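work_23.txt, holding compact mmCIF, N, CA and C atoms:
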```txt
# COMPACT_ATOMS: atom_id res chain seq x y z
N MET A 1 1.54 -2.82 -19.04
CA MET A 1 2.51 -3.89 -19.01
C MET A 1 3.84 -3.32 -18.54
N PRO A 2 4.06 -3.26 -17.23
CA PRO A 2 5.30 -2.68 -16.72
C PRO A 2 6.52 -3.51 -17.13
N GLN A 3 7.54 -2.81 -17.57
CA GLN A 3 8.80 -3.44 -17.93
C GLN A 3 9.91 -2.74 -17.18
N ALA A 4 10.82 -3.52 -16.59
CA ALA A 4 11.91 -2.95 -15.80
C ALA A 4 13.24 -3.14 -16.51
N LYS A 5 14.04 -2.08 -16.46
CA LYS A 5 15.44 -2.13 -16.88
C LYS A 5 16.27 -1.83 -15.64
N VAL A 6 17.32 -2.61 -15.44
CA VAL A 6 18.14 -2.46 -14.24
C VAL A 6 19.59 -2.31 -14.67
N TYR A 7 20.22 -1.23 -14.18
CA TYR A 7 21.60 -0.91 -14.53
C TYR A 7 22.46 -0.91 -13.28
N GLY A 8 23.67 -1.44 -13.40
CA GLY A 8 24.62 -1.41 -12.30
C GLY A 8 25.97 -1.91 -12.75
N ILE A 9 26.95 -1.80 -11.88
CA ILE A 9 28.29 -2.29 -12.17
C ILE A 9 28.26 -3.82 -12.17
N ARG A 10 28.80 -4.39 -13.23
CA ARG A 10 28.73 -5.83 -13.49
C ARG A 10 29.06 -6.68 -12.25
N GLU A 11 30.18 -6.40 -11.60
CA GLU A 11 30.63 -7.23 -10.47
C GLU A 11 29.65 -7.19 -9.29
N ARG A 12 28.88 -6.15 -9.20
CA ARG A 12 27.91 -6.01 -8.12
C ARG A 12 26.51 -6.46 -8.53
N LEU A 13 26.12 -6.17 -9.78
CA LEU A 13 24.76 -6.45 -10.24
C LEU A 13 24.51 -7.94 -10.45
N VAL A 14 25.43 -8.62 -11.10
CA VAL A 14 25.22 -10.03 -11.45
C VAL A 14 24.99 -10.91 -10.21
N PRO A 15 25.78 -10.79 -9.14
CA PRO A 15 25.54 -11.66 -7.99
C PRO A 15 24.19 -11.44 -7.29
N MET A 16 23.62 -10.25 -7.43
CA MET A 16 22.34 -10.00 -6.75
C MET A 16 21.15 -9.98 -7.72
N ARG A 17 21.39 -10.39 -8.96
CA ARG A 17 20.34 -10.32 -9.98
C ARG A 17 19.07 -11.08 -9.60
N ASP A 18 19.18 -12.29 -9.11
CA ASP A 18 17.99 -13.08 -8.78
C ASP A 18 17.19 -12.44 -7.65
N ALA A 19 17.88 -12.01 -6.59
CA ALA A 19 17.19 -11.37 -5.45
C ALA A 19 16.56 -10.05 -5.89
N LEU A 20 17.26 -9.30 -6.71
CA LEU A 20 16.75 -8.03 -7.22
C LEU A 20 15.54 -8.25 -8.11
N SER A 21 15.61 -9.23 -8.98
CA SER A 21 14.50 -9.56 -9.87
C SER A 21 13.24 -9.90 -9.09
N GLU A 22 13.40 -10.72 -8.06
CA GLU A 22 12.26 -11.11 -7.25
C GLU A 22 11.67 -9.91 -6.51
N ALA A 23 12.53 -9.07 -5.94
CA ALA A 23 12.06 -7.88 -5.21
C ALA A 23 11.31 -6.92 -6.13
N ILE A 24 11.82 -6.73 -7.34
CA ILE A 24 11.17 -5.86 -8.31
C ILE A 24 9.82 -6.44 -8.71
N ASN A 25 9.79 -7.73 -9.01
CA ASN A 25 8.55 -8.37 -9.44
C ASN A 25 7.49 -8.32 -8.36
N GLU A 26 7.86 -8.60 -7.12
CA GLU A 26 6.90 -8.56 -6.02
C GLU A 26 6.37 -7.14 -5.81
N SER A 27 7.24 -6.16 -5.92
CA SER A 27 6.83 -4.76 -5.74
C SER A 27 5.84 -4.33 -6.81
N ILE A 28 6.14 -4.64 -8.06
CA ILE A 28 5.24 -4.28 -9.16
C ILE A 28 3.92 -5.01 -9.01
N SER A 29 3.98 -6.29 -8.71
CA SER A 29 2.75 -7.09 -8.57
C SER A 29 1.86 -6.54 -7.46
N ASP A 30 2.45 -6.22 -6.32
CA ASP A 30 1.66 -5.72 -5.20
C ASP A 30 1.13 -4.31 -5.45
N ALA A 31 2.00 -3.40 -5.83
CA ALA A 31 1.59 -2.00 -5.98
C ALA A 31 0.62 -1.80 -7.14
N PHE A 32 0.86 -2.50 -8.24
CA PHE A 32 0.05 -2.31 -9.45
C PHE A 32 -1.07 -3.34 -9.58
N LYS A 33 -1.18 -4.29 -8.63
CA LYS A 33 -2.15 -5.39 -8.75
C LYS A 33 -1.96 -6.09 -10.09
N PHE A 34 -0.69 -6.36 -10.40
CA PHE A 34 -0.27 -6.89 -11.69
C PHE A 34 0.06 -8.38 -11.54
N PRO A 35 -0.32 -9.22 -12.51
CA PRO A 35 -0.06 -10.66 -12.40
C PRO A 35 1.44 -10.97 -12.24
N ARG A 36 1.80 -11.72 -11.20
CA ARG A 36 3.21 -12.04 -10.91
C ARG A 36 3.89 -12.78 -12.06
N GLU A 37 3.12 -13.60 -12.76
CA GLU A 37 3.70 -14.41 -13.83
C GLU A 37 4.03 -13.60 -15.10
N ARG A 38 3.68 -12.33 -15.12
CA ARG A 38 3.93 -11.49 -16.30
C ARG A 38 5.22 -10.68 -16.15
N ARG A 39 6.21 -11.21 -15.47
CA ARG A 39 7.49 -10.54 -15.20
C ARG A 39 8.19 -10.19 -16.51
N LEU A 40 8.53 -8.90 -16.66
CA LEU A 40 9.27 -8.41 -17.82
C LEU A 40 10.42 -7.55 -17.31
N GLN A 41 11.64 -8.09 -17.36
CA GLN A 41 12.80 -7.39 -16.82
C GLN A 41 14.00 -7.62 -17.73
N ARG A 42 14.86 -6.60 -17.77
CA ARG A 42 16.13 -6.70 -18.48
C ARG A 42 17.22 -6.14 -17.58
N PHE A 43 18.33 -6.84 -17.50
CA PHE A 43 19.44 -6.40 -16.67
C PHE A 43 20.61 -5.98 -17.57
N PHE A 44 21.21 -4.85 -17.21
CA PHE A 44 22.30 -4.29 -17.98
C PHE A 44 23.54 -4.15 -17.08
N PRO A 45 24.30 -5.24 -16.91
CA PRO A 45 25.54 -5.15 -16.14
C PRO A 45 26.55 -4.33 -16.95
N MET A 46 27.13 -3.35 -16.30
CA MET A 46 28.01 -2.41 -17.02
C MET A 46 29.43 -2.49 -16.49
N ASP A 47 30.38 -2.21 -17.37
CA ASP A 47 31.76 -2.07 -16.94
C ASP A 47 31.87 -0.83 -16.07
N ARG A 48 32.72 -0.89 -15.10
CA ARG A 48 32.89 0.20 -14.13
C ARG A 48 33.11 1.55 -14.82
N GLU A 49 33.92 1.57 -15.85
CA GLU A 49 34.23 2.84 -16.53
C GLU A 49 33.07 3.39 -17.36
N ASP A 50 32.05 2.58 -17.60
CA ASP A 50 30.88 3.02 -18.37
C ASP A 50 29.71 3.45 -17.50
N PHE A 51 29.85 3.32 -16.19
CA PHE A 51 28.77 3.66 -15.26
C PHE A 51 29.28 4.80 -14.38
N ILE A 52 28.98 6.00 -14.78
CA ILE A 52 29.55 7.18 -14.14
C ILE A 52 28.55 7.77 -13.15
N TYR A 53 29.01 8.02 -11.94
CA TYR A 53 28.17 8.57 -10.87
C TYR A 53 29.10 9.26 -9.87
N PRO A 54 28.56 10.14 -9.03
CA PRO A 54 29.40 10.82 -8.03
C PRO A 54 29.76 9.87 -6.89
N PRO A 55 31.02 9.44 -6.80
CA PRO A 55 31.41 8.45 -5.79
C PRO A 55 31.28 8.94 -4.34
N HIS A 56 31.20 10.25 -4.13
CA HIS A 56 31.02 10.75 -2.77
C HIS A 56 29.55 10.63 -2.32
N GLU A 57 28.65 10.32 -3.26
CA GLU A 57 27.23 10.17 -2.93
C GLU A 57 26.75 8.72 -3.03
N ARG A 58 27.45 7.90 -3.79
CA ARG A 58 27.01 6.53 -4.04
C ARG A 58 28.21 5.59 -3.88
N SER A 59 27.91 4.32 -3.57
CA SER A 59 28.99 3.32 -3.54
C SER A 59 29.00 2.57 -4.87
N ASP A 60 29.86 1.58 -4.98
CA ASP A 60 29.91 0.79 -6.22
C ASP A 60 28.72 -0.16 -6.35
N ARG A 61 27.82 -0.15 -5.38
CA ARG A 61 26.58 -0.92 -5.47
C ARG A 61 25.45 -0.10 -6.10
N TYR A 62 25.75 1.12 -6.49
CA TYR A 62 24.74 2.00 -7.08
C TYR A 62 24.01 1.29 -8.21
N THR A 63 22.70 1.34 -8.16
CA THR A 63 21.83 0.64 -9.12
C THR A 63 20.70 1.58 -9.52
N ILE A 64 20.35 1.54 -10.81
CA ILE A 64 19.23 2.32 -11.32
C ILE A 64 18.17 1.34 -11.83
N ILE A 65 16.95 1.53 -11.36
CA ILE A 65 15.81 0.76 -11.87
C ILE A 65 14.91 1.71 -12.63
N GLU A 66 14.70 1.43 -13.91
CA GLU A 66 13.78 2.20 -14.74
C GLU A 66 12.58 1.32 -15.06
N ILE A 67 11.40 1.83 -14.80
CA ILE A 67 10.18 1.08 -15.09
C ILE A 67 9.34 1.87 -16.09
N SER A 68 9.06 1.25 -17.22
CA SER A 68 8.17 1.84 -18.23
C SER A 68 6.82 1.15 -18.09
N THR A 69 5.76 1.96 -18.13
CA THR A 69 4.43 1.41 -17.95
C THR A 69 3.39 2.27 -18.66
N PHE A 70 2.20 1.72 -18.82
CA PHE A 70 1.09 2.50 -19.37
C PHE A 70 0.74 3.62 -18.42
N GLU A 71 0.30 4.75 -18.96
CA GLU A 71 -0.22 5.80 -18.09
C GLU A 71 -1.60 5.37 -17.58
N GLY A 72 -2.00 5.96 -16.48
CA GLY A 72 -3.33 5.66 -15.94
C GLY A 72 -3.32 5.30 -14.47
N ARG A 73 -2.14 5.04 -13.93
CA ARG A 73 -2.07 4.72 -12.50
C ARG A 73 -2.02 6.00 -11.69
N SER A 74 -2.60 5.97 -10.52
CA SER A 74 -2.68 7.16 -9.68
C SER A 74 -1.31 7.51 -9.09
N VAL A 75 -1.18 8.75 -8.64
CA VAL A 75 0.05 9.19 -7.98
C VAL A 75 0.29 8.32 -6.75
N ALA A 76 -0.75 8.03 -6.00
CA ALA A 76 -0.61 7.19 -4.80
C ALA A 76 -0.06 5.81 -5.15
N THR A 77 -0.52 5.24 -6.26
CA THR A 77 -0.06 3.92 -6.69
C THR A 77 1.42 3.97 -7.08
N LEU A 78 1.81 5.01 -7.81
CA LEU A 78 3.21 5.15 -8.21
C LEU A 78 4.12 5.34 -7.00
N LYS A 79 3.67 6.14 -6.04
CA LYS A 79 4.45 6.33 -4.81
C LYS A 79 4.55 5.03 -4.02
N GLU A 80 3.49 4.26 -4.01
CA GLU A 80 3.51 2.98 -3.32
C GLU A 80 4.52 2.03 -3.97
N LEU A 81 4.60 2.05 -5.29
CA LEU A 81 5.60 1.22 -5.97
C LEU A 81 7.01 1.64 -5.55
N VAL A 82 7.28 2.93 -5.55
CA VAL A 82 8.61 3.42 -5.14
C VAL A 82 8.90 2.99 -3.70
N ARG A 83 7.94 3.14 -2.81
CA ARG A 83 8.13 2.76 -1.42
C ARG A 83 8.45 1.27 -1.30
N GLN A 84 7.67 0.45 -2.01
CA GLN A 84 7.90 -0.99 -1.94
C GLN A 84 9.25 -1.38 -2.53
N LEU A 85 9.64 -0.73 -3.62
CA LEU A 85 10.95 -1.04 -4.21
C LEU A 85 12.08 -0.73 -3.23
N TYR A 86 12.03 0.44 -2.60
CA TYR A 86 13.08 0.76 -1.62
C TYR A 86 13.08 -0.26 -0.48
N GLU A 87 11.93 -0.64 -0.02
CA GLU A 87 11.83 -1.58 1.09
C GLU A 87 12.34 -2.97 0.70
N ARG A 88 11.82 -3.51 -0.39
CA ARG A 88 12.13 -4.89 -0.77
C ARG A 88 13.54 -5.04 -1.35
N VAL A 89 13.96 -4.10 -2.19
CA VAL A 89 15.28 -4.23 -2.80
C VAL A 89 16.38 -4.14 -1.75
N THR A 90 16.26 -3.17 -0.86
CA THR A 90 17.31 -3.05 0.16
C THR A 90 17.31 -4.27 1.09
N ALA A 91 16.15 -4.79 1.44
CA ALA A 91 16.08 -5.97 2.30
C ALA A 91 16.66 -7.20 1.59
N ALA A 92 16.39 -7.35 0.31
CA ALA A 92 16.82 -8.53 -0.44
C ALA A 92 18.30 -8.52 -0.80
N THR A 93 18.88 -7.33 -0.92
CA THR A 93 20.26 -7.23 -1.42
C THR A 93 21.25 -6.68 -0.41
N GLY A 94 20.76 -6.06 0.66
CA GLY A 94 21.66 -5.40 1.60
C GLY A 94 22.15 -4.05 1.12
N MET A 95 21.64 -3.61 -0.01
CA MET A 95 22.01 -2.33 -0.59
C MET A 95 21.46 -1.19 0.28
N GLU A 96 22.20 -0.10 0.38
CA GLU A 96 21.70 1.07 1.09
C GLU A 96 20.74 1.84 0.18
N ARG A 97 19.78 2.51 0.78
CA ARG A 97 18.78 3.28 0.01
C ARG A 97 19.46 4.33 -0.88
N ARG A 98 20.54 4.91 -0.42
CA ARG A 98 21.21 5.96 -1.21
C ARG A 98 21.83 5.41 -2.49
N ASP A 99 21.98 4.08 -2.56
CA ASP A 99 22.57 3.45 -3.74
C ASP A 99 21.52 2.98 -4.75
N LEU A 100 20.28 3.38 -4.56
CA LEU A 100 19.21 2.95 -5.45
C LEU A 100 18.45 4.17 -5.96
N ASP A 101 18.39 4.31 -7.28
CA ASP A 101 17.53 5.31 -7.92
C ASP A 101 16.45 4.58 -8.70
N ILE A 102 15.24 5.12 -8.65
CA ILE A 102 14.08 4.52 -9.30
C ILE A 102 13.44 5.57 -10.20
N ILE A 103 13.23 5.21 -11.45
CA ILE A 103 12.62 6.14 -12.41
C ILE A 103 11.43 5.41 -13.04
N ILE A 104 10.25 5.99 -12.90
CA ILE A 104 9.05 5.41 -13.51
C ILE A 104 8.60 6.34 -14.63
N THR A 105 8.47 5.78 -15.81
CA THR A 105 8.02 6.53 -16.98
C THR A 105 6.71 5.93 -17.47
N GLN A 106 5.70 6.80 -17.67
CA GLN A 106 4.40 6.34 -18.16
C GLN A 106 4.19 6.84 -19.59
N GLN A 107 3.66 5.97 -20.43
CA GLN A 107 3.34 6.34 -21.80
C GLN A 107 1.90 5.93 -22.10
N PRO A 108 1.26 6.64 -23.03
CA PRO A 108 -0.09 6.23 -23.43
C PRO A 108 -0.06 4.85 -24.10
N LYS A 109 -1.13 4.10 -23.97
CA LYS A 109 -1.19 2.75 -24.53
C LYS A 109 -0.91 2.75 -26.04
N HIS A 110 -1.35 3.79 -26.73
CA HIS A 110 -1.16 3.80 -28.19
C HIS A 110 0.32 3.93 -28.58
N ALA A 111 1.19 4.23 -27.63
CA ALA A 111 2.62 4.35 -27.92
C ALA A 111 3.35 3.01 -27.74
N TRP A 112 2.62 1.94 -27.46
CA TRP A 112 3.20 0.62 -27.27
C TRP A 112 2.75 -0.32 -28.38
N GLY A 113 3.58 -1.26 -28.72
CA GLY A 113 3.23 -2.39 -29.56
C GLY A 113 3.37 -3.64 -28.70
N LEU A 114 2.30 -4.44 -28.62
CA LEU A 114 2.32 -5.61 -27.74
C LEU A 114 1.84 -6.85 -28.49
N MET A 115 2.67 -7.83 -28.56
CA MET A 115 2.32 -9.13 -29.13
C MET A 115 1.62 -8.99 -30.48
N GLY A 116 2.11 -8.08 -31.31
CA GLY A 116 1.59 -7.94 -32.66
C GLY A 116 0.49 -6.92 -32.85
N ASP A 117 0.07 -6.24 -31.77
CA ASP A 117 -1.00 -5.25 -31.87
C ASP A 117 -0.57 -3.93 -31.24
N ASN A 118 -1.30 -2.87 -31.58
CA ASN A 118 -1.11 -1.61 -30.89
C ASN A 118 -1.59 -1.78 -29.45
N GLY A 119 -0.89 -1.15 -28.52
CA GLY A 119 -1.21 -1.29 -27.11
C GLY A 119 -2.63 -0.91 -26.76
N ASP A 120 -3.16 0.12 -27.43
CA ASP A 120 -4.53 0.55 -27.12
C ASP A 120 -5.59 -0.34 -27.76
N GLU A 121 -5.17 -1.30 -28.57
CA GLU A 121 -6.10 -2.23 -29.20
C GLU A 121 -5.98 -3.64 -28.61
N THR A 122 -5.07 -3.81 -27.65
CA THR A 122 -4.83 -5.10 -27.03
C THR A 122 -5.75 -5.30 -25.84
N LYS A 123 -6.40 -6.47 -25.77
CA LYS A 123 -7.24 -6.80 -24.61
C LYS A 123 -6.30 -7.25 -23.50
N LEU A 124 -6.31 -6.51 -22.40
CA LEU A 124 -5.44 -6.81 -21.28
C LEU A 124 -6.14 -7.69 -20.26
N SER A 125 -5.38 -8.51 -19.58
CA SER A 125 -5.94 -9.40 -18.55
C SER A 125 -5.83 -8.79 -17.17
N TYR A 126 -5.46 -7.51 -17.11
CA TYR A 126 -5.29 -6.82 -15.83
C TYR A 126 -5.77 -5.39 -15.99
N LYS A 127 -5.98 -4.73 -14.88
CA LYS A 127 -6.49 -3.36 -14.87
C LYS A 127 -5.31 -2.39 -14.72
N VAL A 128 -5.29 -1.34 -15.52
CA VAL A 128 -4.22 -0.33 -15.45
C VAL A 128 -4.59 0.77 -14.46
N GLU A 129 -5.84 1.14 -14.42
CA GLU A 129 -6.30 2.27 -13.59
C GLU A 129 -6.43 1.85 -12.13
N VAL A 130 -5.31 1.79 -11.43
CA VAL A 130 -5.31 1.46 -9.99
C VAL A 130 -4.64 2.60 -9.24
```

Render the structure in this file as structure tokens.
Amino acid sequence: MPQAKVYGIRERLVPMRDALSEAINESISDAFKFPRERRLQRFFPMDREDFIYPPHERSDRYTIIEISTFEGRSVATLKELVRQLYERVTAATGMERRDLDIIITQQPKHAWGLMGDNGDETKLSYKVEV
């Protein structure tokens, strides 16, 4: 059950939130063969002084996407997700690739609690091993 957290400077993140959300959802759905209707995202618009980065390397459009997911997907699948995110997010927002960092973290199913059950005891409607 991939979940995305998105961080950026408030004045830049909020206006592009809908386009970013759609690009992230489409990328996850395509790369992971994950149901589109199962979108799980959280946006964290930050005050400029709380979002510290090297300004000579990034602009004020700098955005971080963190995706937490079950372990079990292949390296090729994870790389495909990163590729699609760079392609779709930059196309949807006009953001430069250098202003986007993507971090994918995988955890074992037993480390999740989902809808009242342990993750490894939950019957999923999708396949993780892709």

Write out as a PyMOL selection string each polymer residue whose atoms come within 6.5 Å of Ile64 of chain A, counting all atoms listed in the file; drop sequence neighbours fewer than 3 positions from it.
chain A and resi 5-8+99-103

Which of A:Val14, A:His110, A:Arg36, A:Arg98 sits closest to Thr63 of chain A [using all atoms listed in the file]
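Result for the nearest residue to Thr63 of chain A: A:Arg98.
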
To one decimal place, how far is atom N of Gly72 of chain A from atom C of Thr90 of chain A in Å?
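So the answer is 28.0 Å.
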
Looking at A:Glu26, A:Arg12, A:Thr105, A:Arg97, which one is nearest to Glu66 of chain A, with distances taken over all atoms listed in the file?
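Of all the options, A:Thr105 lies closest to Glu66 of chain A.
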
Which is closer to Ser68 of chain A than all the others in A:Pro35, A:Pro2, A:Pro54, A:Pro108, using all atoms listed in the file?
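Residue with the minimum atom-to-atom distance to Ser68 of chain A: A:Pro2.
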
Output as a list in words all residues of segment 10-103 of chain A that backbone DSSP marks as strand (DSSP E).
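For segment 10-103 of chain A, the strand (DSSP E) set is Gln41, Arg42, Phe43, Phe44, Pro45, Met46, Thr63, Ile64, Ile65, Glu66, Ile67, Ser68, Thr69, Phe70, Leu100, Asp101, Ile102 and Ile103 of chain A.
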
Give the answer as one residue: which of A:Phe43, A:Tyr62, A:Ala92, A:Arg48 has the shortest atom-to-atom distance to Arg10 of chain A, using only N, CA and C atoms?
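Checking each candidate against Arg10 of chain A, we get A:Arg48 as the closest.
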
Quote the spacing between atom CA of Ala91 of chain A and atom C of Glu71 of chain A in Å to one decimal place.
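Between atom CA of Ala91 of chain A and atom C of Glu71 of chain A the gap works out to 28.9 Å.
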
Two-atom distance - atom CA of Val75 of chain A, atom CA of Gln41 of chain A (Å):
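Between atom CA of Val75 of chain A and atom CA of Gln41 of chain A the gap works out to 22.7 Å.
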
In terms of only C-alpha atoms, the residue from A:Thr77, A:Phe34, A:Arg17, A:Ile9 at minimal distance from Asp47 of chain A is A:Ile9

Across A:Met95, A:Leu40, A:Ile104, A:Ile52, the smallest distance to Val82 of chain A, with only C-alpha atoms counted, is shown by A:Ile104

Ala76 of chain A: which residues within 8 Å, counting all atoms listed in the file, same-chain residues fewer than 4 positions away excluded, as a ChimeraX atom specification?
/A:31,80-82,130

Extract, using only N, CA and C atoms, all DNA, RNA and protein residues at most 8 Å from Glu22 of chain A, discarding same-chain residues fewer than 5 positions from it, and format them as an mmCIF file with N, CA and C atoms, keeping the file's coordinate frame.
```cif
data_model
loop_
_atom_site.group_PDB
_atom_site.id
_atom_site.type_symbol
_atom_site.label_atom_id
_atom_site.label_comp_id
_atom_site.auth_asym_id
_atom_site.auth_seq_id
_atom_site.Cartn_x
_atom_site.Cartn_y
_atom_site.Cartn_z
ATOM 1 N N MET A 16 23.620 -10.250 -7.430
ATOM 2 C CA MET A 16 22.340 -10.000 -6.750
ATOM 3 C C MET A 16 21.150 -9.980 -7.720
ATOM 4 N N ARG A 17 21.390 -10.390 -8.960
ATOM 5 C CA ARG A 17 20.340 -10.320 -9.980
ATOM 6 C C ARG A 17 19.070 -11.080 -9.600
ATOM 7 N N SER A 27 7.240 -6.160 -5.920
ATOM 8 C CA SER A 27 6.830 -4.760 -5.740
ATOM 9 C C SER A 27 5.840 -4.330 -6.810
ATOM 10 N N ILE A 28 6.140 -4.640 -8.060
ATOM 11 C CA ILE A 28 5.240 -4.280 -9.160
ATOM 12 C C ILE A 28 3.920 -5.010 -9.010
ATOM 13 N N ARG A 88 11.820 -3.510 -0.390
ATOM 14 C CA ARG A 88 12.130 -4.890 -0.770
ATOM 15 C C ARG A 88 13.540 -5.040 -1.350
ATOM 16 N N VAL A 89 13.960 -4.100 -2.190
ATOM 17 C CA VAL A 89 15.280 -4.230 -2.800
ATOM 18 C C VAL A 89 16.380 -4.140 -1.750
#
```

Considering only helix (DSSP H, G or I) as DSSP defines it on the backbone, what residues of segment 15-128 of chain A qualify? List them as a PyMOL selection string.
chain A and resi 15-32+36-38+48-50+75-93+97-99+109-111+119-121
